[in-house]
Amino acid sequence: MDVVFEVASERYPLEEQAATRMAENLRVKAAHEPGAEGTAGARAVADAIELRLIEDTADPISLGGDGAEAVFYALNAPTGGSDRPWALYDAVERLHDERLRQKS
């Protein structure tokens, strides 16, 4: 089952194993790196992923604000492989860049 993320009205599916790994990484980051970039929305996104997997639902997880930042930093972390979901990464990167422009 894929977990579907929605960014700016576009949907991005993520394979179950990759979504599980992302949720685990987000939980670890939230627990062990409080205050670091991308931690504000990490736990909420991890909970949403877990809920989709447990309930086996295709409802998309809408990403924006802190949730999009959390996913951006989770996907930006080195994984040791080339399995990064590029379409989702590009979508949250655009939100991240816009957020930076608004702050400056």
# chains A, B, ... in the order shown; residues from 1 in each chain; ligands from 1
$ residues_around --residues "A:Thr39" --least-positions-apart "6" --cutoff "10 Å" --atoms "only C-alpha atoms" --output "VMD selection string"
chain A and resid 26 to 33 66 to 67 69 to 71 73 to 74
$ select_by_dssp --residues "stretch 7-53 of chain A" --states "alpha helix (DSSP H)" --output "list in words"
Glu16, Gln17, Ala18, Ala19, Thr20, Arg21, Met22, Ala23, Glu24, Asn25, Leu26, Arg27, Val28, Lys29, Ala30, Ala31, His32, Ala42, Arg43, Ala44, Val45, Ala46, Asp47, Ala48, Ile49, Glu50, Leu51, Arg52 and Leu53 of chain A
$ write_last_selection --atoms "N, CA, C and O atoms" --output "JSON list (two decimals), in the first residue's frame"
[["chain", "number", "residue", "atom", "x", "y", "z"],
["A", 16, "GLU", "N", 5.01, 1.80, 0.81],
["A", 16, "GLU", "CA", 4.81, 1.53, 2.23],
["A", 16, "GLU", "C", 6.12, 1.44, 3.01],
["A", 16, "GLU", "O", 6.25, 2.02, 4.09],
["A", 17, "GLN", "N", 7.09, 0.72, 2.50],
["A", 17, "GLN", "CA", 8.36, 0.56, 3.21],
["A", 17, "GLN", "C", 9.07, 1.90, 3.36],
["A", 17, "GLN", "O", 9.60, 2.22, 4.43],
["A", 18, "ALA", "N", 9.08, 2.70, 2.30],
["A", 18, "ALA", "CA", 9.71, 4.02, 2.36],
["A", 18, "ALA", "C", 8.95, 4.93, 3.32],
["A", 18, "ALA", "O", 9.57, 5.71, 4.06],
["A", 19, "ALA", "N", 7.64, 4.85, 3.33],
["A", 19, "ALA", "CA", 6.84, 5.67, 4.24],
["A", 19, "ALA", "C", 7.09, 5.27, 5.69],
["A", 19, "ALA", "O", 7.21, 6.13, 6.57],
["A", 20, "THR", "N", 7.19, 3.97, 5.93],
["A", 20, "THR", "CA", 7.48, 3.48, 7.29],
["A", 20, "THR", "C", 8.84, 3.99, 7.75],
["A", 20, "THR", "O", 8.99, 4.47, 8.88],
["A", 21, "ARG", "N", 9.83, 3.91, 6.86],
["A", 21, "ARG", "CA", 11.18, 4.39, 7.19],
["A", 21, "ARG", "C", 11.16, 5.90, 7.47],
["A", 21, "ARG", "O", 11.80, 6.37, 8.41],
["A", 22, "MET", "N", 10.40, 6.65, 6.66],
["A", 22, "MET", "CA", 10.32, 8.09, 6.89],
["A", 22, "MET", "C", 9.68, 8.38, 8.24],
["A", 22, "MET", "O", 10.17, 9.23, 8.99],
["A", 23, "ALA", "N", 8.60, 7.68, 8.58],
["A", 23, "ALA", "CA", 7.94, 7.90, 9.86],
["A", 23, "ALA", "C", 8.90, 7.62, 11.02],
["A", 23, "ALA", "O", 8.95, 8.39, 11.99],
["A", 24, "GLU", "N", 9.66, 6.54, 10.92],
["A", 24, "GLU", "CA", 10.63, 6.22, 11.97],
["A", 24, "GLU", "C", 11.69, 7.31, 12.08],
["A", 24, "GLU", "O", 12.03, 7.73, 13.20],
["A", 25, "ASN", "N", 12.19, 7.78, 10.96],
["A", 25, "ASN", "CA", 13.21, 8.85, 10.97],
["A", 25, "ASN", "C", 12.64, 10.14, 11.55],
["A", 25, "ASN", "O", 13.33, 10.84, 12.30],
["A", 26, "LEU", "N", 11.39, 10.46, 11.22],
["A", 26, "LEU", "CA", 10.76, 11.67, 11.76],
["A", 26, "LEU", "C", 10.59, 11.56, 13.27],
["A", 26, "LEU", "O", 10.83, 12.53, 13.99],
["A", 27, "ARG", "N", 10.19, 10.39, 13.75],
["A", 27, "ARG", "CA", 10.03, 10.21, 15.21],
["A", 27, "ARG", "C", 11.37, 10.34, 15.94],
["A", 27, "ARG", "O", 11.45, 10.97, 16.99],
["A", 28, "VAL", "N", 12.41, 9.75, 15.38],
["A", 28, "VAL", "CA", 13.73, 9.84, 16.00],
["A", 28, "VAL", "C", 14.18, 11.29, 16.03],
["A", 28, "VAL", "O", 14.68, 11.78, 17.06],
["A", 29, "LYS", "N", 14.02, 12.00, 14.93],
["A", 29, "LYS", "CA", 14.43, 13.40, 14.87],
["A", 29, "LYS", "C", 13.67, 14.23, 15.90],
["A", 29, "LYS", "O", 14.26, 15.04, 16.61],
["A", 30, "ALA", "N", 12.36, 14.03, 15.99],
["A", 30, "ALA", "CA", 11.54, 14.79, 16.93],
["A", 30, "ALA", "C", 11.96, 14.52, 18.38],
["A", 30, "ALA", "O", 11.99, 15.43, 19.21],
["A", 31, "ALA", "N", 12.32, 13.26, 18.67],
["A", 31, "ALA", "CA", 12.66, 12.89, 20.03],
["A", 31, "ALA", "C", 14.08, 13.29, 20.43],
["A", 31, "ALA", "O", 14.32, 13.67, 21.56],
["A", 32, "HIS", "N", 15.01, 13.21, 19.48],
["A", 32, "HIS", "CA", 16.41, 13.38, 19.82],
["A", 32, "HIS", "C", 17.03, 14.70, 19.37],
["A", 32, "HIS", "O", 18.17, 14.99, 19.73],
["A", 42, "ALA", "N", 7.51, 17.19, 12.66],
["A", 42, "ALA", "CA", 7.94, 15.80, 12.45],
["A", 42, "ALA", "C", 7.01, 14.78, 13.10],
["A", 42, "ALA", "O", 6.61, 13.80, 12.46],
["A", 43, "ARG", "N", 6.66, 14.98, 14.33],
["A", 43, "ARG", "CA", 5.83, 13.99, 15.04],
["A", 43, "ARG", "C", 4.44, 13.90, 14.41],
["A", 43, "ARG", "O", 3.89, 12.80, 14.24],
["A", 44, "ALA", "N", 3.86, 15.03, 14.02],
["A", 44, "ALA", "CA", 2.52, 15.02, 13.42],
["A", 44, "ALA", "C", 2.52, 14.27, 12.09],
["A", 44, "ALA", "O", 1.59, 13.50, 11.81],
["A", 45, "VAL", "N", 3.54, 14.46, 11.28],
["A", 45, "VAL", "CA", 3.62, 13.75, 10.00],
["A", 45, "VAL", "C", 3.84, 12.25, 10.25],
["A", 45, "VAL", "O", 3.21, 11.41, 9.60],
["A", 46, "ALA", "N", 4.70, 11.92, 11.20],
["A", 46, "ALA", "CA", 4.94, 10.51, 11.53],
["A", 46, "ALA", "C", 3.64, 9.85, 12.00],
["A", 46, "ALA", "O", 3.32, 8.73, 11.58],
["A", 47, "ASP", "N", 2.87, 10.55, 12.83],
["A", 47, "ASP", "CA", 1.58, 10.02, 13.29],
["A", 47, "ASP", "C", 0.62, 9.81, 12.13],
["A", 47, "ASP", "O", -0.08, 8.81, 12.07],
["A", 48, "ALA", "N", 0.59, 10.77, 11.21],
["A", 48, "ALA", "CA", -0.31, 10.68, 10.05],
["A", 48, "ALA", "C", 0.07, 9.49, 9.16],
["A", 48, "ALA", "O", -0.80, 8.76, 8.68],
["A", 49, "ILE", "N", 1.37, 9.28, 8.96],
["A", 49, "ILE", "CA", 1.83, 8.14, 8.16],
["A", 49, "ILE", "C", 1.40, 6.84, 8.83],
["A", 49, "ILE", "O", 0.84, 5.94, 8.20],
["A", 50, "GLU", "N", 1.67, 6.74, 10.12],
["A", 50, "GLU", "CA", 1.33, 5.53, 10.86],
["A", 50, "GLU", "C", -0.18, 5.25, 10.80],
["A", 50, "GLU", "O", -0.61, 4.12, 10.60],
["A", 51, "LEU", "N", -0.98, 6.28, 10.94],
["A", 51, "LEU", "CA", -2.43, 6.13, 10.88],
["A", 51, "LEU", "C", -2.88, 5.61, 9.52],
["A", 51, "LEU", "O", -3.72, 4.71, 9.44],
["A", 52, "ARG", "N", -2.30, 6.14, 8.45],
["A", 52, "ARG", "CA", -2.65, 5.67, 7.10],
["A", 52, "ARG", "C", -2.29, 4.20, 6.94],
["A", 52, "ARG", "O", -3.05, 3.43, 6.35],
["A", 53, "LEU", "N", -1.15, 3.79, 7.47],
["A", 53, "LEU", "CA", -0.71, 2.41, 7.33],
["A", 53, "LEU", "C", -1.56, 1.46, 8.18],
["A", 53, "LEU", "O", -1.92, 0.38, 7.73]]
$ residues_around --residues "A:Trp86" --least-positions-apart "2" --cutoff "12 Å" --atoms "only C-alpha atoms" --output "VMD selection string"
chain A and resid 12 to 14 72 75 to 76 82 to 84 88 to 93
$ write_last_selection --atoms "all heavy atoms" --output "compact mmCIF listing (two decimals), in the first residue's frame"
# COMPACT_ATOMS: atom_id res chain seq x y z
N TYR A 12 1.51 12.75 -4.29
CA TYR A 12 2.78 12.04 -4.43
C TYR A 12 2.73 10.75 -3.61
O TYR A 12 2.79 10.80 -2.39
CB TYR A 12 3.93 12.92 -3.95
CG TYR A 12 4.01 14.23 -4.68
CD1 TYR A 12 3.34 15.35 -4.20
CD2 TYR A 12 4.72 14.33 -5.86
CE1 TYR A 12 3.39 16.55 -4.89
CE2 TYR A 12 4.77 15.54 -6.56
CZ TYR A 12 4.10 16.64 -6.06
OH TYR A 12 4.15 17.83 -6.76
N PRO A 13 2.63 9.60 -4.27
CA PRO A 13 2.60 8.34 -3.53
C PRO A 13 4.00 7.94 -3.07
O PRO A 13 4.99 8.21 -3.74
CB PRO A 13 2.06 7.34 -4.55
CG PRO A 13 2.41 7.92 -5.88
CD PRO A 13 2.45 9.42 -5.70
N LEU A 14 4.04 7.32 -1.92
CA LEU A 14 5.30 6.80 -1.38
C LEU A 14 5.05 5.36 -0.95
O LEU A 14 4.09 5.08 -0.22
CB LEU A 14 5.74 7.66 -0.20
CG LEU A 14 7.13 7.43 0.36
CD1 LEU A 14 8.20 7.67 -0.69
CD2 LEU A 14 7.36 8.35 1.56
N PHE A 72 10.79 17.72 4.13
CA PHE A 72 11.93 18.22 3.36
C PHE A 72 13.23 17.79 4.03
O PHE A 72 14.12 17.23 3.38
CB PHE A 72 11.88 19.74 3.23
CG PHE A 72 13.15 20.32 2.67
CD1 PHE A 72 13.44 20.22 1.31
CD2 PHE A 72 14.07 20.94 3.50
CE1 PHE A 72 14.62 20.73 0.79
CE2 PHE A 72 15.25 21.46 2.99
CZ PHE A 72 15.53 21.36 1.64
N LEU A 75 13.80 13.98 3.90
CA LEU A 75 14.22 13.51 2.58
C LEU A 75 15.59 14.06 2.18
O LEU A 75 16.26 13.48 1.32
CB LEU A 75 13.18 13.89 1.52
CG LEU A 75 11.83 13.21 1.65
CD1 LEU A 75 10.86 13.76 0.62
CD2 LEU A 75 11.98 11.70 1.52
N ASN A 76 15.99 15.15 2.79
CA ASN A 76 17.26 15.78 2.47
C ASN A 76 18.43 15.09 3.16
O ASN A 76 19.57 15.27 2.78
CB ASN A 76 17.22 17.26 2.87
CG ASN A 76 18.26 18.09 2.15
OD1 ASN A 76 18.68 17.77 1.05
ND2 ASN A 76 18.68 19.15 2.79
N SER A 82 20.05 5.61 -3.60
CA SER A 82 19.46 6.54 -4.56
C SER A 82 17.94 6.38 -4.60
O SER A 82 17.32 6.63 -5.62
CB SER A 82 20.06 6.30 -5.94
OG SER A 82 19.78 4.97 -6.34
N ASP A 83 17.36 5.95 -3.48
CA ASP A 83 15.93 5.66 -3.46
C ASP A 83 15.07 6.84 -3.00
O ASP A 83 13.92 6.67 -2.63
CB ASP A 83 15.65 4.44 -2.59
CG ASP A 83 16.10 4.63 -1.15
OD1 ASP A 83 16.83 5.59 -0.86
OD2 ASP A 83 15.71 3.80 -0.31
N ARG A 84 15.63 8.04 -3.02
CA ARG A 84 14.87 9.22 -2.59
C ARG A 84 13.69 9.44 -3.54
O ARG A 84 13.85 9.40 -4.74
CB ARG A 84 15.77 10.46 -2.60
CG ARG A 84 15.03 11.71 -2.15
CD ARG A 84 15.91 12.93 -2.16
NE ARG A 84 16.99 12.77 -1.21
CZ ARG A 84 18.09 13.51 -1.21
NH1 ARG A 84 18.27 14.44 -2.12
NH2 ARG A 84 19.02 13.33 -0.31
N LEU A 88 8.33 13.97 -4.67
CA LEU A 88 7.91 14.50 -3.37
C LEU A 88 8.96 15.46 -2.83
O LEU A 88 8.63 16.54 -2.33
CB LEU A 88 7.65 13.36 -2.39
CG LEU A 88 7.28 13.76 -0.95
CD1 LEU A 88 6.03 14.63 -0.92
CD2 LEU A 88 7.11 12.52 -0.09
N TYR A 89 10.22 15.09 -2.95
CA TYR A 89 11.30 15.97 -2.48
C TYR A 89 11.25 17.32 -3.20
O TYR A 89 11.32 18.37 -2.56
CB TYR A 89 12.66 15.31 -2.70
CG TYR A 89 13.80 16.21 -2.31
CD1 TYR A 89 14.13 16.40 -0.97
CD2 TYR A 89 14.53 16.90 -3.27
CE1 TYR A 89 15.17 17.25 -0.60
CE2 TYR A 89 15.56 17.75 -2.91
CZ TYR A 89 15.88 17.92 -1.57
OH TYR A 89 16.90 18.77 -1.22
N ASP A 90 11.09 17.31 -4.51
CA ASP A 90 11.03 18.57 -5.27
C ASP A 90 9.85 19.42 -4.83
O ASP A 90 9.96 20.65 -4.73
CB ASP A 90 10.94 18.29 -6.77
CG ASP A 90 12.23 17.72 -7.35
OD1 ASP A 90 13.30 17.84 -6.70
OD2 ASP A 90 12.17 17.15 -8.46
N ALA A 91 8.72 18.79 -4.55
CA ALA A 91 7.52 19.53 -4.13
C ALA A 91 7.73 20.21 -2.77
O ALA A 91 7.42 21.40 -2.61
CB ALA A 91 6.32 18.60 -4.08
N VAL A 92 8.26 19.48 -1.80
CA VAL A 92 8.47 20.10 -0.48
C VAL A 92 9.65 21.06 -0.51
O VAL A 92 9.68 22.02 0.26
CB VAL A 92 8.60 19.05 0.65
CG1 VAL A 92 7.29 18.31 0.87
CG2 VAL A 92 9.73 18.08 0.43
N GLU A 93 10.59 20.84 -1.41
CA GLU A 93 11.71 21.79 -1.56
C GLU A 93 11.19 23.15 -2.04
O GLU A 93 11.64 24.19 -1.57
CB GLU A 93 12.76 21.25 -2.51
CG GLU A 93 13.96 22.19 -2.65
CD GLU A 93 14.98 21.68 -3.64
OE1 GLU A 93 14.59 21.11 -4.68
OE2 GLU A 93 16.18 21.86 -3.36
$ atom_distance --atom1 "atom CA of A:Arg99" --atom2 "atom CA of A:Ala68"
10.2 Å
$ closest_residue --among "A:Ile54, A:Ala77, A:Val7, A:Ile61" --to "A:Leu95" --atoms "only C-alpha atoms"
A:Val7
$ closest_residue --among "A:Asp2, A:Glu37, A:Asp97, A:Glu10" --to "A:Thr57" --atoms "only C-alpha atoms"
A:Asp2
$ select_by_dssp --residues "chain A" --states "strand (DSSP E)" --output "ChimeraX atom specification"
/A:3-7,10-14,61-63
$ write_last_selection --atoms "C-alpha atoms" --output "mmCIF file, in the first residue's frame"
data_model
loop_
_atom_site.group_PDB
_atom_site.id
_atom_site.type_symbol
_atom_site.label_atom_id
_atom_site.label_comp_id
_atom_site.auth_asym_id
_atom_site.auth_seq_id
_atom_site.Cartn_x
_atom_site.Cartn_y
_atom_site.Cartn_z
ATOM 1 C CA VAL A 3 1.013 6.428 1.469
ATOM 2 C CA VAL A 4 -0.055 9.473 -0.506
ATOM 3 C CA PHE A 5 1.150 12.971 0.296
ATOM 4 C CA GLU A 6 -0.513 16.080 -1.066
ATOM 5 C CA VAL A 7 1.566 19.190 -1.693
ATOM 6 C CA GLU A 10 -0.582 17.572 -6.261
ATOM 7 C CA ARG A 11 -0.421 13.998 -4.993
ATOM 8 C CA TYR A 12 2.782 12.039 -4.430
ATOM 9 C CA PRO A 13 2.601 8.341 -3.532
ATOM 10 C CA LEU A 14 5.301 6.800 -1.379
ATOM 11 C CA ILE A 61 -1.525 13.503 4.004
ATOM 12 C CA SER A 62 -1.646 17.198 3.247
ATOM 13 C CA LEU A 63 1.752 18.823 3.640
#
